[in-house]
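*Asks:* File name start.pdb; file contents PDB, C-alpha atoms; full text below.
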```pdb
ATOM      1  CA  MET A   1     -14.810 -22.934  20.709  1.00  0.00           C
ATOM      2  CA  THR A   2     -13.863 -23.949  17.198  1.00  0.00           C
ATOM      3  CA  LEU A   3     -17.017 -22.365  15.877  1.00  0.00           C
ATOM      4  CA  ALA A   4     -16.235 -19.130  17.720  1.00  0.00           C
ATOM      5  CA  ILE A   5     -12.750 -18.995  16.189  1.00  0.00           C
ATOM      6  CA  ASP A   6     -14.205 -19.729  12.757  1.00  0.00           C
ATOM      7  CA  ILE A   7     -16.765 -16.957  13.061  1.00  0.00           C
ATOM      8  CA  ALA A   8     -14.128 -14.509  14.299  1.00  0.00           C
ATOM      9  CA  SER A   9     -11.815 -15.326  11.405  1.00  0.00           C
ATOM     10  CA  TRP A  10     -14.670 -14.996   8.891  1.00  0.00           C
ATOM     11  CA  VAL A  11     -15.576 -11.596  10.258  1.00  0.00           C
ATOM     12  CA  LEU A  12     -11.932 -10.485  10.080  1.00  0.00           C
ATOM     13  CA  ILE A  13     -11.507 -11.788   6.518  1.00  0.00           C
ATOM     14  CA  LEU A  14     -14.703 -10.118   5.350  1.00  0.00           C
ATOM     15  CA  LEU A  15     -13.712  -6.816   6.999  1.00  0.00           C
ATOM     16  CA  GLY A  16     -10.288  -7.034   5.352  1.00  0.00           C
ATOM     17  CA  SER A  17     -11.892  -7.646   1.964  1.00  0.00           C
ATOM     18  CA  PHE A  18     -14.214  -4.696   2.532  1.00  0.00           C
ATOM     19  CA  PHE A  19     -11.383  -2.319   3.374  1.00  0.00           C
ATOM     20  CA  THR A  20      -9.363  -3.600   0.402  1.00  0.00           C
ATOM     21  CA  ILE A  21     -12.205  -2.681  -1.941  1.00  0.00           C
ATOM     22  CA  VAL A  22     -12.640   0.664  -0.144  1.00  0.00           C
ATOM     23  CA  GLY A  23      -8.980   1.473  -0.719  1.00  0.00           C
ATOM     24  CA  ALA A  24      -9.155   0.464  -4.385  1.00  0.00           C
ATOM     25  CA  VAL A  25     -12.276   2.588  -4.962  1.00  0.00           C
ATOM     26  CA  GLY A  26     -10.485   5.461  -3.262  1.00  0.00           C
ATOM     27  CA  MET A  27      -7.535   5.059  -5.614  1.00  0.00           C
ATOM     28  CA  VAL A  28      -9.881   5.431  -8.576  1.00  0.00           C
ATOM     29  CA  ARG A  29     -11.981   8.294  -7.232  1.00  0.00           C
ATOM     30  CA  MET A  30      -9.464  10.477  -5.364  1.00  0.00           C
ATOM     31  CA  PRO A  31      -8.513  13.644  -7.258  1.00  0.00           C
ATOM     32  CA  GLU A  32      -4.706  13.706  -7.175  1.00  0.00           C
ATOM     33  CA  VAL A  33      -1.653  11.696  -6.299  1.00  0.00           C
ATOM     34  CA  PHE A  34      -1.270  12.624  -2.614  1.00  0.00           C
ATOM     35  CA  THR A  35      -4.854  11.717  -1.777  1.00  0.00           C
ATOM     36  CA  ARG A  36      -4.419   8.516  -3.769  1.00  0.00           C
ATOM     37  CA  MET A  37      -1.482   7.631  -1.530  1.00  0.00           C
ATOM     38  CA  HIS A  38      -3.854   8.055   1.392  1.00  0.00           C
ATOM     39  CA  ALA A  39      -6.286   5.617  -0.232  1.00  0.00           C
ATOM     40  CA  ALA A  40      -3.526   3.132  -1.042  1.00  0.00           C
ATOM     41  CA  SER A  41      -2.385   3.114   2.573  1.00  0.00           C
ATOM     42  CA  VAL A  42      -5.831   1.800   3.542  1.00  0.00           C
ATOM     43  CA  ILE A  43      -5.064  -1.337   1.502  1.00  0.00           C
ATOM     44  CA  ASP A  44      -1.629  -1.679   3.106  1.00  0.00           C
ATOM     45  CA  THR A  45      -2.771  -1.313   6.711  1.00  0.00           C
ATOM     46  CA  LEU A  46      -6.415  -2.155   7.344  1.00  0.00           C
ATOM     47  CA  GLY A  47      -6.934  -4.493   4.387  1.00  0.00           C
ATOM     48  CA  VAL A  48      -3.783  -6.551   4.827  1.00  0.00           C
ATOM     49  CA  GLY A  49      -3.885  -6.389   8.630  1.00  0.00           C
ATOM     50  CA  LEU A  50      -7.440  -7.654   9.061  1.00  0.00           C
ATOM     51  CA  LEU A  51      -7.105 -10.252   6.296  1.00  0.00           C
ATOM     52  CA  ILE A  52      -3.884 -11.660   7.746  1.00  0.00           C
ATOM     53  CA  ALA A  53      -5.387 -11.679  11.250  1.00  0.00           C
ATOM     54  CA  GLY A  54      -8.287 -13.739   9.900  1.00  0.00           C
ATOM     55  CA  LEU A  55      -5.973 -16.141   8.068  1.00  0.00           C
ATOM     56  CA  ALA A  56      -3.812 -16.504  11.199  1.00  0.00           C
ATOM     57  CA  LEU A  57      -6.895 -17.463  13.226  1.00  0.00           C
ATOM     58  CA  GLN A  58      -7.617 -20.160  10.646  1.00  0.00           C
ATOM     59  CA  ALA A  59      -4.054 -21.474  10.751  1.00  0.00           C
ATOM     60  CA  GLY A  60      -3.671 -21.666  14.531  1.00  0.00           C
ATOM     61  CA  PHE A  61      -0.298 -21.923  16.253  1.00  0.00           C
ATOM     62  CA  THR A  62       1.739 -23.202  13.312  1.00  0.00           C
ATOM     63  CA  LEU A  63       4.638 -22.139  11.124  1.00  0.00           C
ATOM     64  CA  VAL A  64       2.082 -20.683   8.716  1.00  0.00           C
ATOM     65  CA  THR A  65       1.061 -18.123  11.328  1.00  0.00           C
ATOM     66  CA  LEU A  66       4.691 -17.120  11.781  1.00  0.00           C
ATOM     67  CA  LYS A  67       5.002 -16.568   8.031  1.00  0.00           C
ATOM     68  CA  LEU A  68       1.794 -14.546   8.061  1.00  0.00           C
ATOM     69  CA  ILE A  69       3.229 -12.355  10.818  1.00  0.00           C
ATOM     70  CA  PHE A  70       6.368 -11.889   8.713  1.00  0.00           C
ATOM     71  CA  VAL A  71       4.247 -10.809   5.741  1.00  0.00           C
ATOM     72  CA  LEU A  72       2.352  -8.353   7.953  1.00  0.00           C
ATOM     73  CA  GLY A  73       5.603  -6.930   9.334  1.00  0.00           C
ATOM     74  CA  LEU A  74       6.917  -6.549   5.804  1.00  0.00           C
ATOM     75  CA  PHE A  75       3.824  -4.562   4.872  1.00  0.00           C
ATOM     76  CA  LEU A  76       4.030  -2.394   7.975  1.00  0.00           C
ATOM     77  CA  ILE A  77       7.661  -1.521   7.235  1.00  0.00           C
ATOM     78  CA  THR A  78       7.574  -1.105   3.455  1.00  0.00           C
ATOM     79  CA  GLY A  79       4.301   0.832   3.225  1.00  0.00           C
ATOM     80  CA  PRO A  80       5.538   4.027   4.910  1.00  0.00           C
ATOM     81  CA  VAL A  81       8.902   3.741   3.146  1.00  0.00           C
ATOM     82  CA  ILE A  82       7.271   3.601  -0.289  1.00  0.00           C
ATOM     83  CA  THR A  83       4.821   6.390   0.545  1.00  0.00           C
ATOM     84  CA  HIS A  84       7.589   8.631   1.864  1.00  0.00           C
ATOM     85  CA  ALA A  85       9.795   8.051  -1.184  1.00  0.00           C
ATOM     86  CA  LEU A  86       6.874   8.625  -3.537  1.00  0.00           C
ATOM     87  CA  ALA A  87       5.802  11.867  -1.850  1.00  0.00           C
ATOM     88  CA  GLN A  88       9.386  13.118  -1.843  1.00  0.00           C
ATOM     89  CA  ALA A  89       9.762  12.311  -5.534  1.00  0.00           C
ATOM     90  CA  CYS A  90       6.435  14.054  -6.301  1.00  0.00           C
ATOM     91  CA  LEU A  91       7.456  17.231  -4.464  1.00  0.00           C
ATOM     92  CA  HIS A  92      10.876  17.133  -6.104  1.00  0.00           C
ATOM     93  CA  GLU A  93       9.285  16.902  -9.536  1.00  0.00           C
ATOM     94  CA  GLY A  94       7.017  19.841  -8.777  1.00  0.00           C
ATOM     95  CA  VAL A  95       3.716  18.044  -8.220  1.00  0.00           C
ATOM     96  CA  GLU A  96       1.986  20.270  -5.687  1.00  0.00           C
ATOM     97  CA  PRO A  97      -0.657  18.950  -3.307  1.00  0.00           C
ATOM     98  CA  MET A  98      -4.127  20.277  -4.027  1.00  0.00           C
ATOM     99  CA  LEU A  99      -5.181  22.440  -1.083  1.00  0.00           C
ATOM    100  CA  THR A 100      -8.465  24.182  -0.427  1.00  0.00           C
ATOM    101  CA  GLU A 101      -6.600  27.409   0.383  1.00  0.00           C
ATOM    102  CA  ASP A 102      -3.366  28.914  -0.831  1.00  0.00           C
ATOM    103  CA  ARG A 103      -0.849  28.339   1.948  1.00  0.00           C
ATOM    104  CA  ARG A 104       2.212  29.683   0.135  1.00  0.00           C
ATOM    105  CA  GLY A 105       3.787  32.563   2.009  1.00  0.00           C
ATOM    106  CA  ARG A 106       2.525  31.434   5.363  1.00  0.00           C
ATOM    107  CA  ALA A 107       4.638  30.404   8.301  1.00  0.00           C
ATOM    108  CA  ARG A 108       6.063  26.914   7.967  1.00  0.00           C
ATOM    109  CA  PRO A 109       5.947  24.613  10.980  1.00  0.00           C
ATOM    110  CA  GLY A 110       9.161  25.037  12.915  1.00  0.00           C
ATOM    111  CA  SER A 111      10.126  28.346  11.343  1.00  0.00           C
ATOM    112  CA  GLY A 112       9.771  30.190  14.622  1.00  0.00           C
ATOM    113  CA  LYS A 113       6.705  32.170  13.680  1.00  0.00           C
ATOM    114  CA  PRO A 114       3.349  30.938  14.930  1.00  0.00           C
ATOM    115  CA  ASP A 115       0.884  29.986  12.210  1.00  0.00           C
ATOM    116  CA  ASP A 116      -2.159  32.021  13.168  1.00  0.00           C
ATOM    117  CA  GLY A 117      -3.981  31.268   9.937  1.00  0.00           C
ATOM    118  CA  ARG A 118      -3.412  34.704   8.389  1.00  0.00           C
ATOM    119  CA  PRO A 119      -1.089  35.370   5.460  1.00  0.00           C
ATOM    120  CA  THR A 120       2.198  36.760   6.661  1.00  0.00           C
TER     121      THR A 120
ATOM    122  CA  MET B   1     -16.026 -20.290   1.309  1.00  0.00           C
ATOM    123  CA  MET B   2     -14.803 -17.122   2.969  1.00  0.00           C
ATOM    124  CA  PHE B   3     -11.488 -17.567   1.178  1.00  0.00           C
ATOM    125  CA  ALA B   4     -13.278 -17.532  -2.166  1.00  0.00           C
ATOM    126  CA  ALA B   5     -15.134 -14.351  -1.196  1.00  0.00           C
ATOM    127  CA  ALA B   6     -11.887 -12.704  -0.102  1.00  0.00           C
ATOM    128  CA  ALA B   7     -10.193 -13.765  -3.355  1.00  0.00           C
ATOM    129  CA  ALA B   8     -13.078 -12.288  -5.354  1.00  0.00           C
ATOM    130  CA  ALA B   9     -12.835  -9.016  -3.401  1.00  0.00           C
ATOM    131  CA  ILE B  10      -9.101  -8.836  -4.011  1.00  0.00           C
ATOM    132  CA  LEU B  11      -9.665  -9.448  -7.735  1.00  0.00           C
ATOM    133  CA  VAL B  12     -12.196  -6.591  -7.852  1.00  0.00           C
ATOM    134  CA  ALA B  13      -9.712  -4.336  -6.061  1.00  0.00           C
ATOM    135  CA  LEU B  14      -6.996  -5.386  -8.539  1.00  0.00           C
ATOM    136  CA  ALA B  15      -9.232  -4.410 -11.452  1.00  0.00           C
ATOM    137  CA  LEU B  16      -9.865  -0.968  -9.919  1.00  0.00           C
ATOM    138  CA  VAL B  17      -6.183  -0.380  -9.191  1.00  0.00           C
ATOM    139  CA  ILE B  18      -5.183  -1.432 -12.710  1.00  0.00           C
ATOM    140  CA  THR B  19      -7.738   1.086 -13.995  1.00  0.00           C
ATOM    141  CA  ARG B  20      -5.835   3.765 -12.099  1.00  0.00           C
ATOM    142  CA  ALA B  21      -2.525   2.466 -13.462  1.00  0.00           C
ATOM    143  CA  ILE B  22      -3.832   2.821 -17.002  1.00  0.00           C
ATOM    144  CA  LYS B  23      -5.554   6.189 -16.517  1.00  0.00           C
ATOM    145  CA  GLY B  24      -3.077   7.812 -14.097  1.00  0.00           C
ATOM    146  CA  PRO B  25      -2.146  11.263 -15.401  1.00  0.00           C
ATOM    147  CA  THR B  26       1.340  11.399 -13.898  1.00  0.00           C
ATOM    148  CA  VAL B  27       3.980   8.707 -13.681  1.00  0.00           C
ATOM    149  CA  PHE B  28       3.700   8.754  -9.861  1.00  0.00           C
ATOM    150  CA  ASP B  29       0.087   7.601 -10.052  1.00  0.00           C
ATOM    151  CA  ARG B  30       1.258   4.657 -12.099  1.00  0.00           C
ATOM    152  CA  VAL B  31       4.078   3.861  -9.654  1.00  0.00           C
ATOM    153  CA  LEU B  32       1.620   4.005  -6.744  1.00  0.00           C
ATOM    154  CA  ALA B  33      -0.827   1.785  -8.595  1.00  0.00           C
ATOM    155  CA  GLY B  34       1.957  -0.645  -9.440  1.00  0.00           C
ATOM    156  CA  ASN B  35       2.919  -0.857  -5.791  1.00  0.00           C
ATOM    157  CA  SER B  36      -0.695  -1.495  -4.824  1.00  0.00           C
ATOM    158  CA  VAL B  37      -0.919  -4.207  -7.480  1.00  0.00           C
ATOM    159  CA  GLY B  38       2.054  -5.848  -5.794  1.00  0.00           C
ATOM    160  CA  SER B  39       0.412  -5.625  -2.364  1.00  0.00           C
ATOM    161  CA  LEU B  40      -2.826  -7.090  -3.696  1.00  0.00           C
ATOM    162  CA  ALA B  41      -0.899  -9.862  -5.441  1.00  0.00           C
ATOM    163  CA  ILE B  42       0.680 -10.861  -2.118  1.00  0.00           C
ATOM    164  CA  MET B  43      -2.751 -10.897  -0.466  1.00  0.00           C
ATOM    165  CA  LEU B  44      -4.127 -12.955  -3.338  1.00  0.00           C
ATOM    166  CA  LEU B  45      -1.231 -15.423  -3.012  1.00  0.00           C
ATOM    167  CA  ALA B  46      -1.930 -15.884   0.699  1.00  0.00           C
ATOM    168  CA  VAL B  47      -5.687 -16.292   0.238  1.00  0.00           C
ATOM    169  CA  VAL B  48      -5.364 -18.687  -2.712  1.00  0.00           C
ATOM    170  CA  GLY B  49      -2.826 -20.676  -0.716  1.00  0.00           C
ATOM    171  CA  PHE B  50      -5.407 -21.140   2.033  1.00  0.00           C
ATOM    172  CA  LEU B  51      -8.160 -21.769  -0.527  1.00  0.00           C
ATOM    173  CA  THR B  52      -6.300 -24.661  -2.119  1.00  0.00           C
ATOM    174  CA  GLY B  53      -4.948 -25.955   1.199  1.00  0.00           C
ATOM    175  CA  ARG B  54      -1.352 -25.131   0.365  1.00  0.00           C
ATOM    176  CA  PRO B  55      -0.199 -22.266   2.649  1.00  0.00           C
ATOM    177  CA  GLU B  56       3.355 -22.698   1.327  1.00  0.00           C
ATOM    178  CA  PHE B  57       2.431 -19.971  -1.142  1.00  0.00           C
ATOM    179  CA  LEU B  58       3.266 -17.547   1.663  1.00  0.00           C
ATOM    180  CA  ASP B  59       6.976 -18.010   0.946  1.00  0.00           C
ATOM    181  CA  ILE B  60       6.414 -16.787  -2.598  1.00  0.00           C
ATOM    182  CA  GLY B  61       4.437 -13.894  -1.140  1.00  0.00           C
ATOM    183  CA  LEU B  62       7.292 -12.853   1.140  1.00  0.00           C
ATOM    184  CA  THR B  63       9.768 -12.924  -1.744  1.00  0.00           C
ATOM    185  CA  TYR B  64       7.389 -10.963  -3.918  1.00  0.00           C
ATOM    186  CA  GLY B  65       6.988  -8.347  -1.196  1.00  0.00           C
ATOM    187  CA  LEU B  66      10.730  -7.767  -0.983  1.00  0.00           C
ATOM    188  CA  LEU B  67      10.976  -7.557  -4.774  1.00  0.00           C
ATOM    189  CA  ASN B  68       8.043  -5.117  -4.795  1.00  0.00           C
ATOM    190  CA  LEU B  69       9.827  -2.790  -2.362  1.00  0.00           C
ATOM    191  CA  ILE B  70      13.092  -2.831  -4.289  1.00  0.00           C
ATOM    192  CA  GLY B  71      11.377  -2.465  -7.654  1.00  0.00           C
ATOM    193  CA  THR B  72       9.284   0.520  -6.581  1.00  0.00           C
ATOM    194  CA  LEU B  73      12.240   2.286  -4.973  1.00  0.00           C
ATOM    195  CA  ALA B  74      14.349   1.654  -8.089  1.00  0.00           C
ATOM    196  CA  VAL B  75      11.678   3.113 -10.373  1.00  0.00           C
ATOM    197  CA  LEU B  76      11.289   6.161  -8.109  1.00  0.00           C
ATOM    198  CA  LYS B  77      15.029   6.714  -7.986  1.00  0.00           C
ATOM    199  CA  PHE B  78      15.230   6.427 -11.752  1.00  0.00           C
ATOM    200  CA  PHE B  79      12.502   9.004 -12.318  1.00  0.00           C
ATOM    201  CA  ARG B  80      13.976  11.340  -9.727  1.00  0.00           C
ATOM    202  CA  HIS B  81      17.630  11.235 -10.754  1.00  0.00           C
ATOM    203  CA  GLY B  82      17.435   9.763 -14.247  1.00  0.00           C
ATOM    204  CA  ASP B  83      20.098   7.317 -13.168  1.00  0.00           C
ATOM    205  CA  LEU B  84      20.087   4.283 -10.909  1.00  0.00           C
ATOM    206  CA  ALA B  85      23.760   4.752  -9.978  1.00  0.00           C
ATOM    207  CA  HIS B  86      23.268   8.307  -8.725  1.00  0.00           C
ATOM    208  CA  ASP B  87      25.601   9.186  -5.867  1.00  0.00           C
ATOM    209  CA  ALA B  88      23.813  11.008  -3.064  1.00  0.00           C
ATOM    210  CA  ASP B  89      26.891  13.098  -2.232  1.00  0.00           C
ATOM    211  CA  ASP B  90      27.829  14.501  -5.632  1.00  0.00           C
ATOM    212  CA  GLY B  91      25.282  17.243  -6.013  1.00  0.00           C
ATOM    213  CA  ALA B  92      22.894  19.575  -4.320  1.00  0.00           C
ATOM    214  CA  GLY B  93      20.076  18.497  -6.596  1.00  0.00           C
ATOM    215  CA  SER B  94      18.956  15.667  -4.381  1.00  0.00           C
TER     216      SER B  94
END
```
I'd like the structure from this file rewritten - as structure tokens, please.

*Replies:*
Amino acid sequence: MTLAIDIASWVLILLGSFFTIVGAVGMVRMPEVFTRMHAASVIDTLGVGLLIAGLALQAGFTLVTLKLIFVLGLFLITGPVITHALAQACLHEGVEPMLTEDRRGRARPGSGKPDDGRPT
Amino acid sequence: MMFAAAAAAILVALALVITRAIKGPTVFDRVLAGNSVGSLAIMLLAVVGFLTGRPEFLDIGLTYGLLNLIGTLAVLKFFRHGDLAHDADDGAGS
């Protein structure tokens, strides 16, 4: 039983490390700031989540696990807040997202007109 | 052993993110990279705490996470309004 828990926590820690590196590589290779936010959110969700799950399996039912859950909750709350504030600041400063097609002049979601994919 | 591997992976990720913080063309890239450096520092604190058998490092990690949130939001507010004491009601420029 102990060996099973050890193996499970090792797998979780290794997966968390893998996704952390994936997110960091994405932050270097993505082309612009909005896609880099997407890569950074991989670190904040999958990387931290799997790593903390693995560490919590190692710690067992102790106060350390409670603190780990607090750290995970902190990440899950602050990650979207930071990303939202950053995207809002980018749009306010005039940094436009890089799109494969020019969507200016098309119907916005919620503007009443259906977006049929054609320029209006 | 796994803790050492995880710490090494987090250090590699830190190096990559710091590369983005140095290269980043706009200031928002640097803010995003700074926030990710904070996240990775918290992960590194937790893993090193387990590696050395002292999980009390998690308290420092929690404090650092709160400071990271406030610091990033303060920097964003400064670059958006040019002023940390900006009142949200006194203008349509928000």

*Asks:* Between atom CA of A:Thr65 and atom CA of A:Ile52, what distance in Å does the model show, to one decimal?

*Replies:* 8.9 Å

*Asks:* Interatomic distance between atom CA of A:Val33 and atom CA of A:Cys90?

*Replies:*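 Straight-line distance from atom CA of A:Val33 to atom CA of A:Cys90 works out to 8.4 Å.
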
*Asks:* Can you measure atom CA of A:Ile21 to atom CA of B:Ala4 for me? One decimal in Å is fine.

*Replies:*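 Distance reported for this atom pair: 14.9 Å.
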
*Asks:* Find, counting only C-alpha atoms, the residue in B:Ala41, B:Leu51, B:Leu62, B:Val75 that gets nearest to B:Ala13.

*Replies:* B:Ala41

*Asks:* Would you write out, as a tab-separated table, a table of all residues in chain B that have an atom no more than 6 Å from an atom of chain A, listing for each the closest atom pair and the distance in Å to one decimal, considering all atoms listed in the file and ordering rows by chain and rising residue number?

*Replies:*
```
residue	atom	partner	partner_atom	distance
B:Ala6	CA	A:Ser17	CA	5.5
B:Ala9	CA	A:Ser17	CA	5.6
B:Ala13	CA	A:Ile21	CA	5.1
B:Leu16	CA	A:Ala24	CA	5.8
B:Val17	CA	A:Ala24	CA	5.7
B:Arg20	CA	A:Val28	CA	5.6
B:Asp29	CA	A:Val33	CA	5.8
B:Leu62	CA	A:Val71	CA	5.9
```

*Asks:* Rank B:Ala33, B:Ile22, B:Met43, B:Val27 by their smallest atom-to-atom distance to B:Phe3, using all atoms listed in the file, and report the top residue only.

*Replies:* B:Met43

*Asks:* Do you know which residues are at most 12 Å from B:Val48 counting all atoms listed in the file, after dropping those on the same chain fewer than 6 positions away, and could you put them as a list of chain:residue names?

*Replies:* A:Leu55, B:Met1, B:Met2, B:Phe3, B:Ala4, B:Ala5, B:Ala6, B:Ala7, B:Ala8, B:Ile10, B:Leu11, B:Leu40, B:Ala41, B:Ile42, B:Arg54, B:Pro55, B:Glu56, B:Phe57, B:Leu58, B:Ile60, B:Gly61

*Asks:* Identify which of the residues A:Leu91, A:Gly73, A:Met30, A:Leu57 lies closest to A:Ala4, counting all atoms listed in the file when measuring atom-to-atom distances.

*Replies:*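 Checking each of A:Leu91, A:Gly73, A:Met30, A:Leu57 against A:Ala4, counting all atoms listed in the file, the winner is A:Leu57.
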
*Asks:* Applied to this file, what does the PyMOL selection byres ((chain B and resi 31) around 10) return in terms of residues, put as a list in words?

*Replies:*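 Expected selection for the PyMOL selection byres ((chain B and resi 31) around 10) here is Ile82 and Leu86 of chain A; Ala21, Gly24, Thr26, Val27, Phe28, Asp29, Arg30, Leu32, Ala33, Gly34, Asn35, Ser36, Val37, Gly71, Thr72, Leu73, Val75 and Leu76 of chain B.
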